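J.: Pasting in a structure now, in structure tokens, and then I'll have a few things to ask.
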Amino acid sequence: AFAPPYKGMVGVVLGMTWARAAIFWGSDRGRELLQKQGVNETWSTILPPLIVSTAVQCINQPIVRASITLQNPESSLPNTSAAFRHIYANHGLSGLWHGTSAGILKTVPKYCSAIIVKDIMEEHLPRPDPASPTYDSDRLWRSAAKSATAGVAGAALTNPLDVIRNEMFKTNLSLTETVKSLYRQMGYRFVSRGMGKNMIAVAIPVGCTIFFTDALIQFTTKNTNRNQPDRQQQAK
């Protein structure tokens with residue numbers, strides 16, 4: 001088993017990988033489909049990440065619950081499977097989905113805000129000149145600016161919900177009781193608790209996901225365009 005802070009790493013990595021892939025692919029694909037159906041730009045942008053990220057959060061919730069249980073310094077559980085069994089034994093099947101409401105409140109706004117900011121930046125950032133000798137690198141710099149802004153926006157806007165979700169997992173209190181408890185302990189300062197860590201844990205992965213997706217699309221498009229004349233020559 002991995003030692004802290006790497007306990008449960010495999011489950012977390014696999015869960016986050018498929019979740020982000022599903023959310024970003026589903027959002028882009030959903031937007032295209034809605035636009036083809038004549039849905040306006042605003043709803044085409046908002047609805048896909050709203051629906052997809054909600055579904056993904058519900059499916060992933062047991063993994064999230066187990067990983068946070070493992071990361072508790074007082075936990076002696078060795079791995080994700082043991083965490084599942086521990087939660088089930090102590091809180092029943094529903095315990096695996098405890099905190100789903102807070103998770104949805106955190107995850108859905110995070111990805112919705114990140115994707116909306118990404119699309120806004122995509123529309124308004126100056127586009128590189130295809131005739132420029134630095135066209136490829138200019139596209140990457142543009143993508144980096146878009147990705148960083150989207151990642152930071154998603155992390156900052158949802159930090160309070162991250163605090164509430166983690167506190168729910170530690171205390172097993174309801175959403176309302178958790179908010180009241182945090183307010184009694186810290187006042188409104190709880191909304192910024194752990195902001196720096198959240199920037200690393202959320203902004204960097206989300207920003208990197210957007211950037212590397214753009215870079216991969218750019219790379220595959222470039223190779224496709226480069227091979228197109230060869231295919232046309234062979235056809236002749």
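Residues in the structure tokens are numbered from 1 in each chain, the chains being A, B, ... in the order shown, and ligands are numbered from 1 in the order shown.
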Please identify all polymer residues within 12 Å of Ile200 in chain A, counting only C-alpha atoms, omitting same-chain residues fewer than 6 positions from it, and present them as a PyMOL selection string.
T.: chain A and resi 148+151-152+154-156+159+194+206-208
J.: Write the residues of the preceding selection, restricted to C-alpha atoms, as a PDB file, in the first residue's frame.
T.:
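The new file selection_37.pdb reads:
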ATOM      1  CA  ALA A 148      -4.779  29.097 -16.673  1.00  0.00           C
ATOM      2  CA  GLY A 151      -8.484  26.768 -13.920  1.00  0.00           C
ATOM      3  CA  VAL A 152      -8.032  29.650 -11.475  1.00  0.00           C
ATOM      4  CA  GLY A 154     -12.977  27.278 -11.248  1.00  0.00           C
ATOM      5  CA  ALA A 155     -10.817  26.861  -8.128  1.00  0.00           C
ATOM      6  CA  ALA A 156     -11.495  30.271  -6.589  1.00  0.00           C
ATOM      7  CA  ASN A 159     -13.303  26.934  -2.686  1.00  0.00           C
ATOM      8  CA  GLY A 194      -7.251  26.293   2.158  1.00  0.00           C
ATOM      9  CA  VAL A 206      -8.122  21.632 -14.619  1.00  0.00           C
ATOM     10  CA  GLY A 207      -5.842  24.084 -16.427  1.00  0.00           C
ATOM     11  CA  CYS A 208      -3.521  21.274 -17.542  1.00  0.00           C
TER      12      CYS A 208
END
J.: Mind the document's chain letters and residue numbers, and return as an MDAnalysis selection string the residues of range 2-230 of chain A that DSSP labels helix (DSSP H, G or I).
T.: chainID A and resid 9:36 41:71 80:91 93:97 100:124 135:171 175:192 195:230
J.: Near Glu41 in chain A, counting only C-alpha atoms, which residues have an atom at most 10 Å away, once you skip same-chain residues fewer than 6 positions from it, shown as a list in words?
T.: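 Listing them by chain and then by number gives Arg31, Leu34 and Gln35 of chain A.
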J.: What's the 10 Å shell around range 88-93 of chain A, counting only C-alpha atoms, without same-chain residues fewer than 6 positions away, as a PDB file with N, CA, C and O atoms, in the first residue's frame?
T.:
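out.pdb, freshly written:
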ATOM      1  N   PRO A  62     -18.443   7.468  -4.358  1.00  0.00           N
ATOM      2  CA  PRO A  62     -17.818   6.501  -3.451  1.00  0.00           C
ATOM      3  C   PRO A  62     -16.290   6.558  -3.461  1.00  0.00           C
ATOM      4  O   PRO A  62     -15.650   6.400  -2.422  1.00  0.00           O
ATOM      5  N   ALA A  82     -10.255  -1.173   1.369  1.00  0.00           N
ATOM      6  CA  ALA A  82     -10.480  -1.217   2.812  1.00  0.00           C
ATOM      7  C   ALA A  82     -11.344  -0.050   3.265  1.00  0.00           C
ATOM      8  O   ALA A  82     -12.186  -0.201   4.163  1.00  0.00           O
ATOM      9  N   ASN A 172     -19.385  13.789   9.325  1.00  0.00           N
ATOM     10  CA  ASN A 172     -20.624  13.070   9.013  1.00  0.00           C
ATOM     11  C   ASN A 172     -21.877  13.878   9.350  1.00  0.00           C
ATOM     12  O   ASN A 172     -22.950  13.319   9.577  1.00  0.00           O
TER      13      ASN A 172
END
J.: Output as JSON lines one row per residue of range 13-62 of chain A within 12 Å of range 66-78 of chain A: the closest atom pair and its distance in Å to one decimal place, counting only C-alpha atoms, sorted by chain and residue number ascending.
T.:
{"residue": "A:Val13", "atom": "CA", "partner": "A:Ser67", "partner_atom": "CA", "distance": 10.5}
{"residue": "A:Leu14", "atom": "CA", "partner": "A:Ser67", "partner_atom": "CA", "distance": 11.9}
{"residue": "A:Gly15", "atom": "CA", "partner": "A:Ser67", "partner_atom": "CA", "distance": 10.3}
{"residue": "A:Met16", "atom": "CA", "partner": "A:Ser67", "partner_atom": "CA", "distance": 11.5}
{"residue": "A:Asn60", "atom": "CA", "partner": "A:Ala66", "partner_atom": "CA", "distance": 10.2}
{"residue": "A:Gln61", "atom": "CA", "partner": "A:Ala66", "partner_atom": "CA", "distance": 8.5}
{"residue": "A:Pro62", "atom": "CA", "partner": "A:Ala66", "partner_atom": "CA", "distance": 6.1}
J.: For those residues, write C-alpha atoms to a file as an mmCIF file, in the first residue's frame.
T.:
data_model
loop_
_atom_site.group_PDB
_atom_site.id
_atom_site.type_symbol
_atom_site.label_atom_id
_atom_site.label_comp_id
_atom_site.auth_asym_id
_atom_site.auth_seq_id
_atom_site.Cartn_x
_atom_site.Cartn_y
_atom_site.Cartn_z
ATOM 1 C CA VAL A 13 -6.053 8.999 -10.439
ATOM 2 C CA LEU A 14 -8.325 6.618 -12.334
ATOM 3 C CA GLY A 15 -11.466 8.282 -10.991
ATOM 4 C CA MET A 16 -10.299 11.800 -11.801
ATOM 5 C CA ASN A 60 -17.528 8.959 -8.628
ATOM 6 C CA GLN A 61 -18.784 9.812 -5.131
ATOM 7 C CA PRO A 62 -17.818 6.501 -3.451
#
J.: Quick one: everything within 12 Å of range 125-131 of chain A, counting only C-alpha atoms, minus sequence neighbours fewer than 3 positions away in the same chain. Send it as a compact mmCIF listing (two decimals) with N, CA, C and O atoms, in the first residue's frame.
T.:
# COMPACT_ATOMS: atom_id res chain seq x y z
N VAL A 117 -15.65 29.98 -18.72
CA VAL A 117 -14.51 30.90 -18.87
C VAL A 117 -13.65 30.49 -20.06
O VAL A 117 -13.20 31.34 -20.85
N LYS A 118 -13.43 29.18 -20.22
CA LYS A 118 -12.66 28.69 -21.37
C LYS A 118 -13.30 29.12 -22.69
O LYS A 118 -12.62 29.61 -23.60
N ASP A 119 -14.62 28.96 -22.79
CA ASP A 119 -15.31 29.32 -24.03
C ASP A 119 -15.30 30.83 -24.27
O ASP A 119 -15.17 31.28 -25.41
N ILE A 120 -15.43 31.61 -23.18
CA ILE A 120 -15.38 33.07 -23.32
C ILE A 120 -14.00 33.51 -23.80
O ILE A 120 -13.86 34.35 -24.70
N MET A 121 -12.96 32.92 -23.18
CA MET A 121 -11.59 33.25 -23.59
C MET A 121 -11.35 32.83 -25.04
O MET A 121 -10.68 33.54 -25.80
N GLU A 122 -11.90 31.69 -25.42
CA GLU A 122 -11.75 31.21 -26.79
C GLU A 122 -12.33 32.21 -27.79
O GLU A 122 -11.77 32.43 -28.87
N THR A 134 5.75 31.85 -36.19
CA THR A 134 5.59 31.33 -34.82
C THR A 134 4.13 30.92 -34.56
O THR A 134 3.68 30.90 -33.41
N TYR A 135 3.41 30.58 -35.61
CA TYR A 135 1.99 30.28 -35.49
C TYR A 135 1.71 29.17 -34.48
O TYR A 135 0.83 29.29 -33.62
N ASP A 136 2.46 28.08 -34.55
CA ASP A 136 2.21 26.93 -33.66
C ASP A 136 2.44 27.30 -32.20
O ASP A 136 1.64 26.98 -31.33
N SER A 137 3.54 27.98 -31.93
CA SER A 137 3.82 28.37 -30.53
C SER A 137 2.84 29.43 -30.06
O SER A 137 2.44 29.45 -28.89
N ASP A 138 2.41 30.32 -30.97
CA ASP A 138 1.41 31.34 -30.61
C ASP A 138 0.10 30.68 -30.18
O ASP A 138 -0.56 31.13 -29.24
N ARG A 139 -0.29 29.62 -30.88
CA ARG A 139 -1.51 28.90 -30.51
C ARG A 139 -1.37 28.26 -29.13
O ARG A 139 -2.32 28.26 -28.34
N LEU A 140 -0.19 27.73 -28.83
CA LEU A 140 0.03 27.12 -27.53
C LEU A 140 0.00 28.17 -26.41
O LEU A 140 -0.55 27.92 -25.33
N TRP A 141 0.61 29.34 -26.65
CA TRP A 141 0.57 30.41 -25.64
C TRP A 141 -0.86 30.89 -25.42
O TRP A 141 -1.27 31.18 -24.30
N ARG A 142 -1.62 30.97 -26.49
CA ARG A 142 -3.03 31.37 -26.38
C ARG A 142 -3.80 30.34 -25.55
O ARG A 142 -4.61 30.69 -24.69
N SER A 143 -3.54 29.07 -25.82
CA SER A 143 -4.19 28.01 -25.07
C SER A 143 -3.77 28.04 -23.60
O SER A 143 -4.59 27.80 -22.71
N ALA A 144 -2.49 28.36 -23.33
CA ALA A 144 -2.02 28.43 -21.94
C ALA A 144 -2.74 29.52 -21.17
O ALA A 144 -3.13 29.34 -20.01
N ALA A 145 -2.92 30.69 -21.81
CA ALA A 145 -3.62 31.81 -21.16
C ALA A 145 -5.07 31.43 -20.87
O ALA A 145 -5.60 31.68 -19.78
N LYS A 146 -5.71 30.80 -21.84
CA LYS A 146 -7.11 30.36 -21.68
C LYS A 146 -7.23 29.31 -20.58
O LYS A 146 -8.12 29.39 -19.71
N SER A 147 -6.33 28.35 -20.57
CA SER A 147 -6.38 27.25 -19.61
C SER A 147 -6.13 27.74 -18.19
O SER A 147 -6.83 27.33 -17.25
N THR A 149 -6.52 30.77 -16.91
CA THR A 149 -7.64 31.59 -16.44
C THR A 149 -8.83 30.73 -16.03
O THR A 149 -9.45 30.95 -14.98
J.: List the spatial neighbours of Pro48 in chain A as a ChimeraX atom specification - criterion: any atom at most 10 Å away, only C-alpha atoms, same-chain residues fewer than 3 positions off excluded.
T.: /A:23-34,43-45,51-54,112,115
J.: So the first atom is CA of Leu105 in chain A and the second is CA of Arg85 in chain A; what is the distance between them in Å, to one decimal place?
T.: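 Value for the CA of Leu105 in chain A-CA of Arg85 in chain A distance: 26.1 Å.
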J.: So how many Å separate CA of Asn198 in chain A and CA of Ala102 in chain A, to one decimal?
T.: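 These two atoms are separated by 15.8 Å.
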J.: So the first atom is CA of Ile164 in chain A and the second is CA of Asn79 in chain A; what is the distance between them in Å, to one decimal place?
T.: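 Computing the Euclidean distance for CA of Ile164 in chain A and CA of Asn79 in chain A yields 24.3 Å.
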J.: Pick the closest to Lys106 in chain A from A:Ile63, A:Val163, A:Ala22, A:Leu173: which is it, counting only C-alpha atoms?
T.: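 Of A:Ile63, A:Val163, A:Ala22, A:Leu173, the one nearest Lys106 in chain A is A:Val163, counting only C-alpha atoms.
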